[in-house]
Amino acid sequence: MRAACRCGNQRHYRAGDLALLFGGGRDPRSLRFRCSQCDRKPPTVAIIEVDLDRTGALTVWKPVAMPDGATAWTPERLKRG
C-alpha cells in the first residue's frame with residue numbers, strides 16, 4: 001500500500017501489517033494518515049502490488065512494538081528473492 005502526499009512525500013506499507021494493527025475487516029483507504037514532512041492530511045492512499053523484479057529494492061515501513069506498549073514504524077528494504 002502506498003500513502004502519497006501532495007508535497008511529494010510517500011511511504012509504502014504492507015497491507016498485512018496494517019490489518020494486524022487495525023483489524024482485518026477494515027479498508028486500508030479508510031485509515032487516517034498524516035504527512036511527516038508537511039503535516040497535511042489526508043494523503044492519497046493506493047493499494048498496489050509490488051513486483052520486485054521491476055522495482056529492485058523498495059523501502060517499506062513496518063511496525064515495531066516498543067517496551068512501553070506504543071508502536072513505532074521503522075523502514076525496511078524489500079529486495080529481490
# chains A, B, ... in the order shown; residues from 1 in each chain; ligands from 1
>>> residues_around(residues="A:Arg29", least_positions_apart="6", cutoff="10 Å", atoms="only C-alpha atoms", output="PyMOL selection string")
chain A and resi 1-3+43-47
>>> select_by_dssp(residues="chain A", states="alpha helix (DSSP H)", output="PDB file with C-alpha atoms, in the first residue's frame")
ATOM      1  CA  ALA A  15      -1.315  -4.425   3.895  1.00  0.00           C
ATOM      2  CA  GLY A  16      -0.887  -7.402   6.238  1.00  0.00           C
ATOM      3  CA  ASP A  17       0.863  -5.248   8.862  1.00  0.00           C
ATOM      4  CA  LEU A  18      -1.948  -2.695   8.746  1.00  0.00           C
ATOM      5  CA  ALA A  19      -4.555  -5.474   9.002  1.00  0.00           C
ATOM      6  CA  LEU A  20      -2.861  -6.861  12.129  1.00  0.00           C
ATOM      7  CA  LEU A  21      -2.767  -3.447  13.812  1.00  0.00           C
ATOM      8  CA  PHE A  22      -6.138  -2.025  12.790  1.00  0.00           C
ATOM      9  CA  LEU A  52      10.393  -6.634  -7.057  1.00  0.00           C
ATOM     10  CA  ASP A  53      11.833  -7.808 -10.378  1.00  0.00           C
ATOM     11  CA  ARG A  54      10.909  -4.439 -11.850  1.00  0.00           C
ATOM     12  CA  THR A  55      11.376  -2.099  -8.892  1.00  0.00           C
TER      13      THR A  55
END
>>> select_by_dssp(residues="chain A", states="strand (DSSP E)", output="list in words")
Arg2, Ala3, Ala4, Gln10, Arg11, His12, Tyr13, Thr44, Val45, Ala46, Leu58, Thr59, Val60, Trp61, Lys62, Pro63, Val64, Ala65, Thr71, Ala72, Trp73, Thr74, Pro75, Glu76, Arg77 and Leu78 of chain A
>>> write_last_selection(atoms="N, CA and C atoms", output="mmCIF file, in the first residue's frame")
data_model
loop_
_atom_site.group_PDB
_atom_site.id
_atom_site.type_symbol
_atom_site.label_atom_id
_atom_site.label_comp_id
_atom_site.auth_asym_id
_atom_site.auth_seq_id
_atom_site.Cartn_x
_atom_site.Cartn_y
_atom_site.Cartn_z
ATOM 1 N N ARG A 2 0.469 2.258 -0.734
ATOM 2 C CA ARG A 2 1.264 3.483 -0.817
ATOM 3 C C ARG A 2 0.421 4.657 -0.335
ATOM 4 N N ALA A 3 0.971 5.450 0.571
ATOM 5 C CA ALA A 3 0.355 6.703 1.002
ATOM 6 C C ALA A 3 1.233 7.825 0.465
ATOM 7 N N ALA A 4 0.675 8.655 -0.420
ATOM 8 C CA ALA A 4 1.447 9.715 -1.069
ATOM 9 C C ALA A 4 0.804 11.065 -0.787
ATOM 10 N N GLN A 10 6.158 10.121 0.091
ATOM 11 C CA GLN A 10 5.343 8.916 0.034
ATOM 12 C C GLN A 10 5.973 7.817 0.866
ATOM 13 N N ARG A 11 5.126 6.945 1.401
ATOM 14 C CA ARG A 11 5.575 5.798 2.181
ATOM 15 C C ARG A 11 4.799 4.578 1.734
ATOM 16 N N HIS A 12 5.475 3.426 1.820
ATOM 17 C CA HIS A 12 4.863 2.155 1.464
ATOM 18 C C HIS A 12 4.707 1.321 2.730
ATOM 19 N N TYR A 13 3.589 0.624 2.829
ATOM 20 C CA TYR A 13 3.288 -0.244 3.962
ATOM 21 C C TYR A 13 2.811 -1.585 3.437
ATOM 22 N N THR A 44 -3.046 10.720 -0.541
ATOM 23 C CA THR A 44 -3.686 9.777 -1.438
ATOM 24 C C THR A 44 -3.219 8.373 -1.076
ATOM 25 N N VAL A 45 -4.162 7.479 -0.825
ATOM 26 C CA VAL A 45 -3.838 6.108 -0.448
ATOM 27 C C VAL A 45 -4.198 5.197 -1.614
ATOM 28 N N ALA A 46 -3.253 4.366 -2.036
ATOM 29 C CA ALA A 46 -3.476 3.451 -3.149
ATOM 30 C C ALA A 46 -3.009 2.050 -2.762
ATOM 31 N N LEU A 58 12.863 -1.653 -2.426
ATOM 32 C CA LEU A 58 11.819 -0.704 -2.053
ATOM 33 C C LEU A 58 11.800 -0.594 -0.535
ATOM 34 N N THR A 59 11.649 0.614 0.007
ATOM 35 C CA THR A 59 11.561 0.803 1.449
ATOM 36 C C THR A 59 10.110 0.695 1.878
ATOM 37 N N VAL A 60 9.856 -0.227 2.800
ATOM 38 C CA VAL A 60 8.519 -0.442 3.346
ATOM 39 C C VAL A 60 8.599 -0.196 4.841
ATOM 40 N N TRP A 61 7.616 0.514 5.380
ATOM 41 C CA TRP A 61 7.597 0.817 6.810
ATOM 42 C C TRP A 61 6.869 -0.295 7.541
ATOM 43 N N LYS A 62 7.508 -0.832 8.584
ATOM 44 C CA LYS A 62 6.903 -1.927 9.334
ATOM 45 C C LYS A 62 6.770 -1.541 10.804
ATOM 46 N N PRO A 63 5.738 -2.066 11.467
ATOM 47 C CA PRO A 63 5.525 -1.726 12.875
ATOM 48 C C PRO A 63 6.450 -2.525 13.789
ATOM 49 N N VAL A 64 6.899 -1.859 14.850
ATOM 50 C CA VAL A 64 7.729 -2.492 15.870
ATOM 51 C C VAL A 64 7.137 -2.113 17.221
ATOM 52 N N ALA A 65 6.883 -3.119 18.058
ATOM 53 C CA ALA A 65 6.332 -2.868 19.389
ATOM 54 C C ALA A 65 7.438 -2.356 20.307
ATOM 55 N N THR A 71 3.562 1.703 19.394
ATOM 56 C CA THR A 71 4.016 1.128 18.132
ATOM 57 C C THR A 71 4.832 2.163 17.382
ATOM 58 N N ALA A 72 6.048 1.802 17.014
ATOM 59 C CA ALA A 72 6.908 2.674 16.212
ATOM 60 C C ALA A 72 7.023 2.062 14.821
ATOM 61 N N TRP A 73 7.176 2.922 13.816
ATOM 62 C CA TRP A 73 7.314 2.458 12.436
ATOM 63 C C TRP A 73 8.760 2.624 12.012
ATOM 64 N N THR A 74 9.368 1.536 11.525
ATOM 65 C CA THR A 74 10.756 1.569 11.097
ATOM 66 C C THR A 74 10.856 1.164 9.626
ATOM 67 N N PRO A 75 11.798 1.759 8.898
ATOM 68 C CA PRO A 75 11.947 1.403 7.482
ATOM 69 C C PRO A 75 12.653 0.061 7.310
ATOM 70 N N GLU A 76 12.226 -0.675 6.296
ATOM 71 C CA GLU A 76 12.832 -1.955 5.960
ATOM 72 C C GLU A 76 12.943 -2.033 4.437
ATOM 73 N N ARG A 77 14.084 -2.469 3.934
ATOM 74 C CA ARG A 77 14.284 -2.586 2.489
ATOM 75 C C ARG A 77 13.789 -3.941 2.007
ATOM 76 N N LEU A 78 12.882 -3.936 1.042
ATOM 77 C CA LEU A 78 12.474 -5.168 0.380
ATOM 78 C C LEU A 78 13.414 -5.379 -0.796
#
>>> atom_distance(atom1="atom CA of A:Arg26", atom2="atom CA of A:Gly8")
26.3 Å
>>> atom_distance(atom1="atom CA of A:Arg14", atom2="atom CA of A:Cys38")
23.1 Å
>>> atom_distance(atom1="atom CA of A:Ala57", atom2="atom CA of A:Gly25")
29.4 Å
>>> closest_residue(among="A:Pro67, A:Gly24, A:Asp51, A:Cys5", to="A:Ser36", atoms="only C-alpha atoms")
A:Cys5
